[in-house]
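Text of the file data.txt, holding compact mmCIF, C-alpha atoms:
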# COMPACT_ATOMS: atom_id res chain seq x y z
CA MET A 993 -15.01 21.08 -4.15
CA ASN A 994 -13.88 18.31 -1.85
CA GLN A 995 -10.15 18.43 -1.07
CA HIS A 996 -9.94 15.07 0.71
CA PRO A 997 -7.10 12.91 -0.71
CA LEU A 998 -9.29 9.79 -0.78
CA TYR A 999 -11.99 11.64 -2.72
CA HIS A 1000 -9.45 12.66 -5.37
CA HIS A 1001 -7.98 9.16 -5.42
CA ILE A 1002 -11.37 7.54 -6.04
CA ASN A 1003 -12.27 10.13 -8.68
CA GLU A 1004 -9.17 9.27 -10.69
CA ILE A 1005 -10.96 6.00 -11.48
CA VAL A 1006 -14.70 6.56 -11.08
CA ASP A 1007 -16.87 9.67 -11.08
CA LEU A 1008 -18.04 9.78 -7.47
CA GLU A 1009 -20.53 12.37 -6.30
CA GLU A 1010 -19.66 14.47 -3.24
CA GLU A 1011 -22.66 13.18 -1.26
CA ASP A 1012 -21.68 9.57 -2.02
CA PHE A 1013 -18.19 10.27 -0.73
CA GLN A 1014 -19.60 11.65 2.51
CA ASP A 1015 -21.33 8.30 3.06
CA ILE A 1016 -18.20 6.35 2.12
CA ILE A 1017 -15.71 8.27 4.27
CA ASN A 1018 -17.77 7.38 7.35
CA TYR A 1019 -16.71 3.75 6.91
CA PHE A 1020 -13.03 4.66 7.34
CA LYS A 1021 -11.26 4.99 10.67
CA PRO A 1022 -8.36 7.45 10.93
CA ILE A 1023 -5.19 5.85 12.28
CA TYR A 1024 -2.04 7.67 13.35
CA ARG A 1025 1.24 5.82 13.85
CA LYS A 1026 4.74 7.00 14.65
CA LYS A 1027 7.88 6.05 12.75
CA HIS A 1028 8.86 2.41 13.50
CA GLN A 1029 5.38 1.44 14.75
CA PHE A 1030 3.69 -1.56 13.17
CA ILE A 1031 0.20 -1.56 11.68
CA ILE A 1032 0.38 -5.32 11.01
CA GLU A 1033 2.62 -7.94 12.60
CA ALA A 1034 3.14 -11.48 11.35
CA GLY A 1035 1.04 -13.95 13.32
CA ASN A 1036 -1.66 -11.42 14.23
CA ASP A 1037 -5.14 -10.89 12.79
CA VAL A 1038 -5.44 -8.58 9.79
CA ASN A 1039 -8.59 -6.57 10.28
CA PHE A 1040 -7.98 -3.63 7.96
CA GLU A 1041 -6.76 -2.40 4.63
CA PHE A 1042 -5.07 1.00 4.85
CA PHE A 1043 -5.07 4.05 2.59
CA VAL A 1044 -2.06 6.30 3.14
CA ILE A 1045 -2.94 9.96 3.67
CA LYS A 1046 0.57 10.91 4.83
CA GLY A 1047 3.73 8.93 5.44
CA CYS A 1048 5.62 5.95 4.10
CA LEU A 1049 5.42 2.27 5.09
CA LYS A 1050 7.08 -1.01 4.17
CA SER A 1051 5.69 -4.51 3.98
CA SER A 1052 8.19 -7.27 4.65
CA VAL A 1053 8.82 -10.85 5.66
CA PHE A 1054 11.79 -12.42 7.41
CA ASP A 1055 13.32 -15.64 6.10
CA GLU A 1056 14.53 -18.48 8.34
CA GLY A 1057 17.96 -16.86 8.56
CA GLY A 1058 16.47 -13.62 9.88
CA LYS A 1059 17.01 -11.67 6.66
CA GLU A 1060 14.28 -9.14 5.89
CA HIS A 1061 12.74 -9.14 2.40
CA ILE A 1062 10.78 -6.04 1.38
CA ILE A 1063 7.59 -6.89 -0.51
CA GLN A 1064 6.05 -3.45 -0.94
CA PHE A 1065 6.35 0.20 -0.04
CA ALA A 1066 3.37 2.51 0.34
CA MET A 1067 3.34 6.30 0.23
CA GLU A 1068 0.59 8.88 -0.04
CA ASN A 1069 -2.45 7.69 -2.03
CA TRP A 1070 -1.33 4.04 -1.94
CA TRP A 1071 -3.09 1.11 -0.29
CA ILE A 1072 -1.43 -1.50 1.91
CA THR A 1073 -2.25 -4.57 3.98
CA ASP A 1074 -1.38 -8.27 4.08
CA TYR A 1075 -3.86 -8.96 1.29
CA ASN A 1076 -4.00 -12.73 1.60
CA ALA A 1077 -4.66 -12.56 5.33
CA PHE A 1078 -7.13 -9.67 4.89
CA LEU A 1079 -9.12 -11.44 2.18
CA HIS A 1080 -9.21 -14.83 3.89
CA GLN A 1081 -9.33 -13.48 7.46
CA GLU A 1082 -6.19 -15.43 8.36
CA LYS A 1083 -3.16 -14.57 10.47
CA ALA A 1084 -0.65 -12.20 8.90
CA LYS A 1085 2.44 -13.55 7.22
CA LEU A 1086 3.79 -10.04 6.63
CA ASN A 1087 4.95 -7.22 8.86
CA ILE A 1088 3.96 -3.70 7.89
CA ASP A 1089 5.66 -0.85 9.70
CA CYS A 1090 5.99 2.88 9.36
CA LEU A 1091 9.16 4.35 7.89
CA GLU A 1092 7.82 7.81 8.78
CA ASP A 1093 5.06 9.15 11.00
CA CYS A 1094 1.85 8.09 9.25
CA HIS A 1095 -1.76 9.22 8.92
CA LEU A 1096 -3.82 6.35 7.51
CA LEU A 1097 -7.44 5.50 6.84
CA ALA A 1098 -8.43 1.97 7.85
CA ILE A 1099 -11.34 -0.02 6.44
CA SER A 1100 -12.43 -3.56 7.28
CA TYR A 1101 -13.26 -6.26 4.75
CA GLN A 1102 -16.92 -6.20 5.82
CA GLN A 1103 -17.06 -2.42 5.43
CA LYS A 1104 -15.61 -2.66 1.91
CA GLU A 1105 -18.24 -5.24 1.03
CA GLU A 1106 -21.02 -3.06 2.41
CA ILE A 1107 -19.82 0.01 0.51
CA SER A 1108 -19.64 -2.03 -2.69
CA ILE A 1109 -23.21 -3.27 -2.26
CA ASN A 1110 -24.49 0.23 -1.54
CA ASN A 1111 -22.47 1.98 -4.24
CA PRO A 1112 -21.66 0.11 -7.50
CA LYS A 1113 -19.12 2.80 -8.43
CA MET A 1114 -17.03 1.72 -5.46
CA GLU A 1115 -17.22 -1.90 -6.60
CA ARG A 1116 -15.77 -0.72 -9.95
CA PHE A 1117 -13.16 1.35 -8.12
CA TRP A 1118 -11.92 -1.59 -6.04
CA SER A 1119 -12.04 -3.90 -9.03
CA LYS A 1120 -9.84 -1.52 -11.02
CA LYS A 1121 -7.43 -1.07 -8.08
CA THR A 1122 -7.17 -4.86 -7.69
CA LYS A 1123 -6.45 -5.39 -11.38
CA THR A 1124 -3.86 -2.60 -11.38
CA GLY A 1125 -2.25 -4.12 -8.28
CA HIS A 1126 -2.10 -7.58 -9.89
CA ALA A 1127 -0.47 -6.13 -13.00
CA ALA A 1128 2.09 -4.24 -10.90
CA LEU A 1129 2.89 -7.39 -8.92
CA GLN A 1130 3.32 -9.38 -12.12
CA ASN A 1131 5.67 -6.74 -13.50
CA ARG A 1132 7.67 -6.78 -10.25
CA ILE A 1133 8.04 -10.57 -10.36
CA LEU A 1134 9.04 -10.50 -14.02
CA SER A 1135 11.58 -7.77 -13.30
CA LEU A 1136 13.11 -9.80 -10.46
CA ILE A 1137 13.38 -12.79 -12.82
CA LYS A 1138 14.65 -11.20 -16.03
CA ASP A 1139 16.11 -7.74 -15.31
CA SER A 1140 19.58 -6.98 -14.06
CA ALA A 1141 20.02 -5.22 -10.71
CA LYS A 1142 20.91 -2.05 -12.62
CA GLU A 1143 17.73 -2.27 -14.72
CA ARG A 1144 15.58 -2.84 -11.61
CA TYR A 1145 17.18 0.14 -9.88
CA GLU A 1146 16.77 2.42 -12.91
CA SER A 1147 13.13 1.39 -13.29
CA LEU A 1148 12.44 2.11 -9.62
CA THR A 1149 14.15 5.51 -9.70
CA GLU A 1150 12.34 6.44 -12.90
CA SER A 1151 8.92 5.30 -11.67
CA TYR A 1152 9.19 6.46 -8.05
CA PRO A 1153 11.92 9.09 -7.60
CA GLU A 1154 10.32 10.34 -4.37
CA LEU A 1155 10.50 6.85 -2.86
CA ILE A 1156 14.25 6.73 -3.40
CA GLN A 1157 14.62 9.98 -1.43
CA ARG A 1158 12.41 8.86 1.47
CA VAL A 1159 13.40 5.23 2.04
CA PRO A 1160 16.70 4.12 3.62
CA LYS A 1161 19.06 2.50 1.12
CA LYS A 1162 19.09 -0.84 2.98
CA TYR A 1163 15.35 -1.18 2.33
CA ILE A 1164 15.69 -0.18 -1.32
CA ALA A 1165 18.40 -2.85 -1.68
CA SER A 1166 16.15 -5.49 -0.07
CA PHE A 1167 13.23 -4.50 -2.32
CA LEU A 1168 15.46 -4.83 -5.40
CA GLY A 1169 16.91 -8.14 -4.22
CA VAL A 1170 20.48 -6.88 -4.01
CA SER A 1171 23.03 -6.19 -1.28
CA ARG A 1172 23.64 -2.66 -0.01
CA GLU A 1173 27.10 -2.82 -1.57
CA THR A 1174 25.59 -3.63 -4.98
CA LEU A 1175 23.11 -0.79 -4.57
CA SER A 1176 25.97 1.61 -3.74
CA ARG A 1177 27.74 0.58 -6.95
CA LEU A 1178 24.59 1.25 -8.96
Serialized structure, structure tokens:
Amino acid sequence: MNQHPLYHHINEIVDLEEEDFQDIINYFKPIYRKKHQFIIEAGNDVNFEFFVIKGCLKSSVFDEGGKEHIIQFAMENWWITDYNAFLHQEKAKLNIDCLEDCHLLAISYQQKEEISINNPKMERFWSKKTKTGHAALQNRILSLIKDSAKERYESLTESYPELIQRVPKKYIASFLGVSRETLSRL
């Protein structure tokens, strides 16, 4: 049985045959980055979407005052890119950098399209991942609007306890939209 993390990830959503996976994995390029290295920088082209084999990353944007706002974290078996720039082949608005040494798999937009044409199961897989991602983003926005800082923190620690252990508190605070002092009180 195939032990590849991407194979297991795909099979959580669609029933993919081993031989189909062997064709699919050939589209992905392994990428290794050290802690603090960027995989995407604002203003640059966004050529890839990344699947995290090992490591932890953050996606962020800086406001006009130079304050960093965390948009997303990504750990093992998560996907990350600047999705708007990736989809529309525009310049990145986000920075994505490694919080730990990372092993990633990179795939281009064109390669995703080709896989989807050649394997309808992968089209279903990416459709499901996109819908799940949209729902998660909606829930995050609603939480930022209606939940207290304490409720947002409790939800994050309940949903992703490992993330809390791996990510510096200043980034958790930024993600939750609170100061480090507020986070310490929580």
Practice prompt. Would you work out the distance separating atom CA of A:Leu1097 from atom CA of A:Ile1133, expressed in Å to one decimal?
Written response: 28.2 Å
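Nearest to A:Ile1072 of all the residues A:Leu1155, A:Leu1008, A:Val1038, A:Ile1109 is A:Val1038, counting all atoms listed in the file.
The nearest approach to A:Gln1029 among the residues A:Ser1052, A:Asn1087, A:Asn1003, A:Gln1130, with all atoms listed in the file taken into account, belongs to A:Asn1087.
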Worksheet item: Which residues come within 12 Å of A:Ser1140, counting all atoms listed in the file, excluding same-chain residues fewer than 4 positions away, as a list in words?
Response: Leu1134, Ser1135, Leu1136, Arg1144, Tyr1145, Glu1146, Ser1147, Leu1168, Gly1169, Val1170, Thr1174, Leu1175 and Leu1178 of chain A
May I have the selected residues written with C-alpha atoms, as a PDB file, in the frame of the given file?
ATOM      1  CA  LEU A1134       9.040 -10.500 -14.020  1.00  0.00           C
ATOM      2  CA  SER A1135      11.580  -7.770 -13.300  1.00  0.00           C
ATOM      3  CA  LEU A1136      13.110  -9.800 -10.460  1.00  0.00           C
ATOM      4  CA  ARG A1144      15.580  -2.840 -11.610  1.00  0.00           C
ATOM      5  CA  TYR A1145      17.180   0.140  -9.880  1.00  0.00           C
ATOM      6  CA  GLU A1146      16.770   2.420 -12.910  1.00  0.00           C
ATOM      7  CA  SER A1147      13.130   1.390 -13.290  1.00  0.00           C
ATOM      8  CA  LEU A1168      15.460  -4.830  -5.400  1.00  0.00           C
ATOM      9  CA  GLY A1169      16.910  -8.140  -4.220  1.00  0.00           C
ATOM     10  CA  VAL A1170      20.480  -6.880  -4.010  1.00  0.00           C
ATOM     11  CA  THR A1174      25.590  -3.630  -4.980  1.00  0.00           C
ATOM     12  CA  LEU A1175      23.110  -0.790  -4.570  1.00  0.00           C
ATOM     13  CA  LEU A1178      24.590   1.250  -8.960  1.00  0.00           C
TER      14      LEU A1178
END
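Among the candidates A:Arg1177, A:Lys1046, A:His1001, A:Lys1021, the residue lying nearest to A:Asp1093 is A:Lys1046 (atoms considered: all atoms listed in the file).
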Worksheet item: In Å, with one decimal, what is the gap from atom CA of A:Ile1002 to atom CA of A:Lys1050?
Response: 22.8 Å
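Atom CA of A:Glu1010 is positioned 10.5 Å from atom CA of A:His996.
If you measure from each of A:Phe1013, A:Ile1088, A:Lys1026, A:Asn1018 to A:Glu1060 using all atoms listed in the file, the closest one turns out to be A:Ile1088.
The point (-1.1, -8.4, 12.9) has these residues within 10 Å of it, counting all atoms listed in the file: Phe1030, Ile1031, Ile1032, Glu1033, Ala1034, Gly1035, Asn1036, Asp1037, Val1038, Asn1039, Phe1040, Thr1073, Asp1074, Ala1077, Glu1082, Lys1083, Ala1084, Lys1085, Leu1086, Asn1087 and Ile1088 of chain A.
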Discussion item. At a cut-off of 8 Å, using all atoms listed in the file, what residues contact stretch 1158-1164 of chain A? Leave out same-chain residues fewer than 3 positions from it and give the result as a ChimeraX atom specification.
Written reply: /A:1048,1062,1091,1154-1155,1167-1168,1171-1172,1175
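Once A:Val1006 and its same-chain neighbours fewer than 4 positions away are set aside, His1000, His1001, Ile1002, Lys1113, Met1114, Glu1115, Arg1116, Phe1117, Trp1118 and Lys1120 of chain A remain within 10 Å of it when counting all atoms listed in the file.
Comparing A:Phe1054, A:Ala1165, A:Phe1043, A:Leu1049 by their smallest distance to A:Asp1089, the closest is A:Leu1049 (using all atoms listed in the file).
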Fill in: Nearest to A:Pro1112, chosen from A:Ser1151, A:Asp1007, A:Gly1058, A:Pro997, with all atoms listed in the file counted in the distances
A:Asp1007
